[in-house]
$ cat work_17.pdb   # PDB, C-alpha atoms
ATOM      1  CA  MET Q   1     -36.473 -67.455  44.854
ATOM      2  CA  THR Q   2     -35.907 -70.788  46.544
ATOM      3  CA  LEU Q   3     -36.081 -70.750  50.330
ATOM      4  CA  VAL Q   4     -34.531 -73.347  52.593
ATOM      5  CA  HIS Q   5     -34.708 -73.737  56.352
ATOM      6  CA  PHE Q   6     -37.638 -72.380  58.377
ATOM      7  CA  PRO Q   7     -36.345 -71.965  61.924
ATOM      8  CA  ARG Q   8     -38.679 -69.316  63.280
ATOM      9  CA  MET Q   9     -42.016 -67.601  62.984
ATOM     10  CA  THR Q  10     -43.339 -64.776  65.104
ATOM     11  CA  ILE Q  11     -47.057 -64.092  65.574
ATOM     12  CA  GLN Q  12     -48.264 -60.790  67.012
ATOM     13  CA  PRO Q  13     -51.978 -60.664  67.887
ATOM     14  CA  PHE Q  14     -53.610 -57.224  67.630
ATOM     15  CA  ASP Q  15     -56.491 -55.675  69.536
ATOM     16  CA  ALA Q  16     -59.548 -54.049  67.986
ATOM     17  CA  THR Q  17     -57.602 -50.822  67.368
ATOM     18  CA  GLY Q  18     -54.792 -52.633  65.528
ATOM     19  CA  ALA Q  19     -52.297 -52.241  68.372
ATOM     20  CA  PRO Q  20     -50.221 -55.199  69.624
ATOM     21  CA  LYS Q  21     -52.105 -57.242  72.232
ATOM     22  CA  GLY Q  22     -49.845 -59.188  74.555
ATOM     23  CA  ASP Q  23     -46.376 -60.474  73.839
ATOM     24  CA  PRO Q  24     -45.558 -61.912  70.427
ATOM     25  CA  ILE Q  25     -45.781 -65.693  70.117
ATOM     26  CA  ILE Q  26     -42.401 -67.003  68.941
ATOM     27  CA  VAL Q  27     -42.290 -70.491  67.451
ATOM     28  CA  GLN Q  28     -38.663 -71.581  67.070
ATOM     29  CA  GLY Q  29     -38.287 -75.115  68.358
ATOM     30  CA  ASP Q  30     -37.889 -74.296  72.046
ATOM     31  CA  THR Q  31     -38.833 -77.251  74.265
ATOM     32  CA  ASN Q  32     -42.589 -77.394  74.898
ATOM     33  CA  LYS Q  33     -43.116 -74.159  72.949
ATOM     34  CA  GLY Q  34     -43.649 -75.566  69.479
ATOM     35  CA  GLY Q  35     -41.750 -75.728  66.241
ATOM     36  CA  THR Q  36     -42.156 -74.884  62.575
ATOM     37  CA  ILE Q  37     -42.377 -77.564  59.873
ATOM     38  CA  THR Q  38     -43.743 -76.018  56.658
ATOM     39  CA  ALA Q  39     -45.340 -72.846  55.338
ATOM     40  CA  GLU Q  40     -46.966 -72.825  51.889
ATOM     41  CA  ILE Q  41     -47.972 -69.392  50.608
ATOM     42  CA  SER Q  42     -50.584 -69.081  47.885
ATOM     43  CA  GLY Q  43     -52.544 -66.338  46.136
ATOM     44  CA  LEU Q  44     -49.566 -64.111  45.374
ATOM     45  CA  SER Q  45     -50.746 -63.573  41.773
ATOM     46  CA  SER Q  46     -54.167 -62.548  40.561
ATOM     47  CA  ASN Q  47     -55.992 -64.356  37.788
ATOM     48  CA  ALA Q  48     -55.271 -63.038  34.325
ATOM     49  CA  LEU Q  49     -58.070 -61.170  32.566
ATOM     50  CA  LYS Q  50     -57.699 -61.391  28.779
ATOM     51  CA  VAL Q  51     -59.352 -59.313  26.074
ATOM     52  CA  ALA Q  52     -59.320 -60.554  22.480
ATOM     53  CA  ALA Q  53     -59.093 -58.180  19.518
ATOM     54  CA  SER Q  54     -58.085 -58.642  15.885
ATOM     55  CA  ASP Q  55     -58.115 -62.392  16.431
ATOM     56  CA  ILE Q  56     -55.384 -62.259  19.082
ATOM     57  CA  GLU Q  57     -55.158 -61.945  22.848
ATOM     58  CA  TYR Q  58     -54.758 -58.188  22.623
ATOM     59  CA  TRP Q  59     -54.664 -57.154  26.284
ATOM     60  CA  ILE Q  60     -53.995 -58.931  29.577
ATOM     61  CA  SER Q  61     -54.614 -57.479  33.017
ATOM     62  CA  GLN Q  62     -53.073 -59.167  36.038
ATOM     63  CA  GLU Q  63     -52.754 -56.503  38.693
ATOM     64  CA  GLY Q  64     -52.823 -57.146  42.391
ATOM     65  CA  VAL Q  65     -53.007 -60.482  44.169
ATOM     66  CA  GLY Q  66     -55.442 -63.342  44.598
ATOM     67  CA  GLU Q  67     -56.660 -64.730  47.911
ATOM     68  CA  VAL Q  68     -53.388 -64.550  49.824
ATOM     69  CA  SER Q  69     -53.116 -67.287  52.433
ATOM     70  CA  VAL Q  70     -50.536 -69.449  54.184
ATOM     71  CA  ASP Q  71     -50.950 -73.120  55.054
ATOM     72  CA  PHE Q  72     -48.777 -73.879  58.065
ATOM     73  CA  THR Q  73     -47.693 -77.170  59.550
ATOM     74  CA  LEU Q  74     -46.620 -76.585  63.137
ATOM     75  CA  ILE Q  75     -45.945 -78.988  65.974
ATOM     76  CA  ASP Q  76     -46.549 -78.842  69.724
ATOM     77  CA  ILE Q  77     -47.967 -75.307  69.864
ATOM     78  CA  PRO Q  78     -48.858 -74.558  73.502
ATOM     79  CA  ALA Q  79     -52.589 -74.731  74.171
ATOM     80  CA  ALA Q  80     -52.761 -71.158  75.466
ATOM     81  CA  ALA Q  81     -50.992 -69.764  72.408
ATOM     82  CA  GLU Q  82     -53.209 -71.770  70.060
ATOM     83  CA  ALA Q  83     -56.359 -70.563  71.811
ATOM     84  CA  THR Q  84     -55.139 -66.974  71.509
ATOM     85  CA  ILE Q  85     -54.473 -67.013  67.764
ATOM     86  CA  LEU Q  86     -57.667 -68.986  67.041
ATOM     87  CA  GLY Q  87     -59.794 -66.650  69.168
ATOM     88  CA  GLN Q  88     -61.064 -69.401  71.446
ATOM     89  CA  LYS Q  89     -62.457 -68.519  74.873
ATOM     90  CA  THR Q  90     -60.470 -69.694  77.900
ATOM     91  CA  VAL Q  91     -62.036 -69.163  81.325
ATOM     92  CA  ASP Q  92     -60.422 -68.921  84.759
ATOM     93  CA  SER Q  93     -60.662 -72.675  85.326
ATOM     94  CA  GLY Q  94     -58.401 -73.241  82.326
ATOM     95  CA  ILE Q  95     -61.137 -74.729  80.161
ATOM     96  CA  THR Q  96     -61.123 -73.523  76.536
ATOM     97  CA  TYR Q  97     -64.415 -73.311  74.659
ATOM     98  CA  VAL Q  98     -64.948 -73.390  70.908
ATOM     99  CA  GLY Q  99     -68.265 -72.182  69.565
ATOM    100  CA  ASN Q 100     -70.341 -69.071  69.003
ATOM    101  CA  ASP Q 101     -67.846 -66.864  70.850
ATOM    102  CA  THR Q 102     -64.873 -68.024  68.759
ATOM    103  CA  ASN Q 103     -63.467 -65.006  66.921
ATOM    104  CA  PRO Q 104     -59.796 -65.001  65.863
ATOM    105  CA  PRO Q 105     -57.937 -61.727  66.324
ATOM    106  CA  TYR Q 106     -56.058 -60.079  63.498
ATOM    107  CA  CYS Q 107     -52.394 -61.034  63.701
ATOM    108  CA  GLY Q 108     -49.171 -60.019  62.040
ATOM    109  CA  VAL Q 109     -46.892 -62.901  61.070
ATOM    110  CA  LEU Q 110     -43.156 -62.842  60.351
ATOM    111  CA  LEU Q 111     -41.413 -65.890  58.854
ATOM    112  CA  GLU Q 112     -37.645 -66.294  58.861
ATOM    113  CA  ALA Q 113     -35.772 -68.473  56.379
ATOM    114  CA  GLU Q 114     -32.711 -68.507  54.105
ATOM    115  CA  ASN Q 115     -32.121 -68.630  50.371
ATOM    116  CA  LEU Q 116     -29.759 -71.060  48.661
ATOM    117  CA  GLN Q 117     -26.880 -68.575  49.025
ATOM    118  CA  GLY Q 118     -27.310 -68.518  52.796
ATOM    119  CA  ASP Q 119     -28.780 -64.998  52.939
ATOM    120  CA  SER Q 120     -31.441 -64.331  55.559
ATOM    121  CA  ALA Q 121     -34.954 -64.095  54.160
ATOM    122  CA  TYR Q 122     -37.938 -62.480  55.864
ATOM    123  CA  LEU Q 123     -41.561 -62.840  54.780
ATOM    124  CA  GLY Q 124     -44.045 -60.711  56.658
ATOM    125  CA  PHE Q 125     -47.839 -60.657  56.540
ATOM    126  CA  PHE Q 126     -49.247 -57.422  57.913
ATOM    127  CA  ARG Q 127     -52.590 -58.700  59.127
ATOM    128  CA  GLY Q 128     -54.802 -61.729  58.843
ATOM    129  CA  LYS Q 129     -56.578 -64.432  60.798
ATOM    130  CA  PHE Q 130     -55.691 -67.995  61.744
ATOM    131  CA  ALA Q 131     -57.996 -70.994  61.457
ATOM    132  CA  LYS Q 132     -57.675 -74.638  62.433
ATOM    133  CA  ASP Q 133     -60.491 -76.630  60.945
ATOM    134  CA  LYS Q 134     -59.967 -79.988  62.626
ATOM    135  CA  GLU Q 135     -58.339 -81.938  65.434
ATOM    136  CA  THR Q 136     -57.054 -85.456  64.779
ATOM    137  CA  LEU Q 137     -56.673 -88.174  67.384
ATOM    138  CA  ASN Q 138     -54.786 -91.353  66.488
ATOM    139  CA  THR Q 139     -54.220 -94.538  68.417
ATOM    140  CA  GLN Q 140     -50.625 -95.674  68.645
ATOM    141  CA  ASP Q 141     -49.594 -99.225  67.871
ATOM    142  CA  PRO Q 142     -46.992-100.200  70.505
ATOM    143  CA  ALA Q 143     -45.281-102.366  67.889
ATOM    144  CA  ASP Q 144     -45.101 -99.601  65.305
ATOM    145  CA  LYS Q 145     -44.269 -96.366  67.041
ATOM    146  CA  LYS Q 146     -44.147 -93.281  64.817
ATOM    147  CA  ALA Q 147     -42.988 -89.737  65.305
ATOM    148  CA  PRO Q 148     -45.794 -87.260  66.044
ATOM    149  CA  GLU Q 149     -47.154 -85.308  63.121
ATOM    150  CA  GLY Q 150     -47.671 -81.575  62.974
ATOM    151  CA  ASP Q 151     -50.999 -79.753  63.029
ATOM    152  CA  SER Q 152     -52.361 -77.789  60.075
ATOM    153  CA  TYR Q 153     -53.293 -74.124  60.383
ATOM    154  CA  MET Q 154     -54.481 -71.684  57.730
ATOM    155  CA  PHE Q 155     -53.703 -67.988  57.806
ATOM    156  CA  THR Q 156     -55.868 -65.779  55.588
ATOM    157  CA  ALA Q 157     -54.095 -62.499  54.874
ATOM    158  CA  ALA Q 158     -55.501 -59.024  54.333
ATOM    159  CA  GLY Q 159     -53.961 -55.766  53.190
ATOM    160  CA  SER Q 160     -52.261 -53.462  55.646
ATOM    161  CA  PRO Q 161     -54.386 -50.523  56.850
ATOM    162  CA  ASP Q 162     -51.347 -48.641  58.145
ATOM    163  CA  ASP Q 163     -49.843 -45.574  56.510
ATOM    164  CA  GLY Q 164     -46.468 -45.982  54.860
ATOM    165  CA  ASP Q 165     -44.977 -48.065  52.080
ATOM    166  CA  GLN Q 166     -46.972 -51.072  53.316
ATOM    167  CA  LYS Q 167     -50.429 -49.460  53.046
ATOM    168  CA  GLY Q 168     -52.736 -51.785  51.095
ATOM    169  CA  GLU Q 169     -50.009 -54.385  50.676
ATOM    170  CA  TYR Q 170     -50.305 -57.990  51.836
ATOM    171  CA  VAL Q 171     -46.723 -59.231  52.076
ATOM    172  CA  ALA Q 172     -43.311 -57.769  52.870
ATOM    173  CA  LYS Q 173     -40.296 -59.688  51.586
ATOM    174  CA  TYR Q 174     -36.653 -58.934  52.253
ATOM    175  CA  VAL Q 175     -33.553 -60.999  51.510
ATOM    176  CA  GLY Q 176     -30.240 -59.737  52.849
ATOM    177  CA  SER Q 177     -28.449 -58.579  55.961
ATOM    178  CA  ASP Q 178     -29.138 -54.842  56.169
ATOM    179  CA  ALA Q 179     -30.139 -54.244  59.779
ATOM    180  CA  LYS Q 180     -32.191 -51.161  58.929
ATOM    181  CA  ALA Q 181     -34.284 -53.022  56.346
ATOM    182  CA  ILE Q 182     -34.817 -55.968  58.691
ATOM    183  CA  ALA Q 183     -35.904 -53.625  61.496
ATOM    184  CA  ALA Q 184     -38.326 -51.887  59.120
ATOM    185  CA  VAL Q 185     -39.981 -55.175  58.135
ATOM    186  CA  LYS Q 186     -40.324 -56.209  61.769
ATOM    187  CA  SER Q 187     -41.724 -52.839  62.758
ATOM    188  CA  GLN Q 188     -44.286 -52.832  59.943
ATOM    189  CA  VAL Q 189     -45.417 -56.422  60.478
ATOM    190  CA  LEU Q 190     -45.228 -56.804  64.252
ATOM    191  CA  LYS Q 191     -45.590 -53.111  65.109
ATOM    192  CA  ALA Q 192     -42.655 -53.506  67.462
ATOM    193  CA  THR Q 193     -38.936 -54.028  66.930
ATOM    194  CA  THR Q 194     -37.852 -57.593  67.654
ATOM    195  CA  PRO Q 195     -34.187 -58.626  67.876
ATOM    196  CA  SER Q 196     -33.070 -60.769  64.958
ATOM    197  CA  ASN Q 197     -32.463 -63.799  67.192
ATOM    198  CA  GLY Q 198     -36.127 -63.809  68.229
ATOM    199  CA  GLN Q 199     -35.379 -63.275  71.896
TER     200      GLN Q 199
END
$ encode --input "work_17.pdb" --output "structure tokens"
Amino acid sequence: MTLVHFPRMTIQPFDATGAPKGDPIIVQGDTNKGGTITAEISGLSSNALKVAASDIEYWISQEGVGEVSVDFTLIDIPAAAEATILGQKTVDSGITYVGNDTNPPYCGVLLEAENLQGDSAYLGFFRGKFAKDKETLNTQDPADKKAPEGDSYMFTAAGSPDDGDQKGEYVAKYVGSDAKAIAAVKSQVLKATTPSNGQ
């Protein structure tokens, strides 16, 4: 399946009990609220385990998934939202600290895209943690101005602990326009129903 466009992602942080904590963070290109650039998903297949017999590859096992993760490129994510998903400590003065207390919360993530036929496509990750390994500062040559680049984030996914069709699964994928199916994906991933326009 080839996906085009990537207008919106929704991130729902969870508390220690797995319940939604705070409002979902919606990244959809709104001014000063960040935008999506790329999402590269890996680990959707496990490594093949082969057994030879009678001089042939007699049996192959390839159940489950590998290390499911998503490499995101996002731009202009608000500092407060970034601190929340990265588990960084922000005190009353507004200062954010990164160190021994840094502990990202589990989050659900819903990506919205389209296929080549123009059908809506939803990719949901039931739970996982975000990481941002580095910050980059660049000088700007006044004679050679360039557009700002996005920041890289990694999301490491885990299986869903919730009862239902999603139990033990890592990813939900739906392509189509059935409102009931879309609502089910949103409910399973974000643990709350979100209107399709992200508002």
$ atom_distance --input "work_17.pdb" --atom1 "atom CA of Phe14 of chain Q" --atom2 "atom CA of Leu86 of chain Q"
12.5 Å
$ resolve_selection --input "work_17.pdb" --expression "the PyMOL selection byres ((chain Q and resi 123-126) around 8)" --output "list in words"
Cys107, Gly108, Val109, Leu110, Leu111, Glu112, Ala121, Tyr122, Arg127, Gly128, Ala157, Ala158, Gly159, Ser160, Glu169, Tyr170, Val171, Ala172, Lys173, Tyr174, Val185, Lys186, Gln188, Val189 and Leu190 of chain Q
$ atom_distance --input "work_17.pdb" --atom1 "atom CA of Gly118 of chain Q" --atom2 "atom CA of Gly35 of chain Q"
21.0 Å
$ resolve_selection --input "work_17.pdb" --expression "the PyMOL selection byres ((chain Q and resi 40) around 10)" --output "PyMOL selection string"
chain Q and resi 38-39+41-42+69-73+154
$ resolve_selection --input "work_17.pdb" --expression "the PyMOL selection byres ((chain Q and resi 182) around 10)" --output "list in words"
Ser120, Ala121, Tyr122, Lys173, Tyr174, Val175, Gly176, Ser177, Asp178, Ala179, Lys180, Ala181, Ala183, Ala184, Val185, Lys186, Ser187, Thr193, Thr194, Pro195 and Ser196 of chain Q
$ closest_residue --input "work_17.pdb" --among "Q:Gly64, Q:Gly150, Q:Lys33, Q:Leu137" --to "Leu49 of chain Q" --atoms "all atoms listed in the file"
Q:Gly64
$ residues_around --input "work_17.pdb" --residues "segment 140-148 of chain Q" --least-positions-apart "3" --cutoff "10 Å" --atoms "only C-alpha atoms" --output "PyMOL selection string"
chain Q and resi 75-76+137+151
$ write_last_selection --input "work_17.pdb" --atoms "C-alpha atoms" --output "mmCIF file, in the frame of the given file"
data_model
loop_
_atom_site.group_PDB
_atom_site.id
_atom_site.type_symbol
_atom_site.label_atom_id
_atom_site.label_comp_id
_atom_site.auth_asym_id
_atom_site.auth_seq_id
_atom_site.Cartn_x
_atom_site.Cartn_y
_atom_site.Cartn_z
ATOM 1 C CA ILE Q 75 -45.945 -78.988 65.974
ATOM 2 C CA ASP Q 76 -46.549 -78.842 69.724
ATOM 3 C CA LEU Q 137 -56.673 -88.174 67.384
ATOM 4 C CA ASP Q 151 -50.999 -79.753 63.029
#
$ atom_distance --input "work_17.pdb" --atom1 "atom CA of Lys134 of chain Q" --atom2 "atom CA of Ile95 of chain Q"
18.3 Å
$ residues_around --input "work_17.pdb" --residues "Gly87 of chain Q" --least-positions-apart "6" --cutoff "10 Å" --atoms "all atoms listed in the file" --output "ChimeraX atom specification"
/Q:13,81,97-98,101-106,129-131
$ residues_near_point --input "work_17.pdb" --point "(-36.9, -73.0, 43.8)" --cutoff "10 Å" --atoms "only C-alpha atoms" --output "PDB file with C-alpha atoms, keeping the file's coordinate frame"
ATOM      1  CA  MET Q   1     -36.473 -67.455  44.854  1.00  0.00           C
ATOM      2  CA  THR Q   2     -35.907 -70.788  46.544  1.00  0.00           C
ATOM      3  CA  LEU Q   3     -36.081 -70.750  50.330  1.00  0.00           C
ATOM      4  CA  VAL Q   4     -34.531 -73.347  52.593  1.00  0.00           C
ATOM      5  CA  ASN Q 115     -32.121 -68.630  50.371  1.00  0.00           C
ATOM      6  CA  LEU Q 116     -29.759 -71.060  48.661  1.00  0.00           C
TER       7      LEU Q 116
END
$ axis_aligned_box --input "work_17.pdb" --around "segment 162-176 of chain Q" --padding-each-side "4 Å" --output "JSON"
{"center_x": -41.5, "center_y": -53.3, "center_z": 54.4, "size_x": 30.5, "size_y": 23.4, "size_z": 15.5}
$ closest_residue --input "work_17.pdb" --among "Q:Thr156, Q:Thr10, Q:Thr17, Q:Thr31" --to "Pro78 of chain Q" --atoms "only C-alpha atoms"
Q:Thr31
$ closest_residue --input "work_17.pdb" --among "Q:Gly94, Q:Gly18, Q:Gly99, Q:Gly34" --to "Glu82 of chain Q" --atoms "all atoms listed in the file"
Q:Gly34
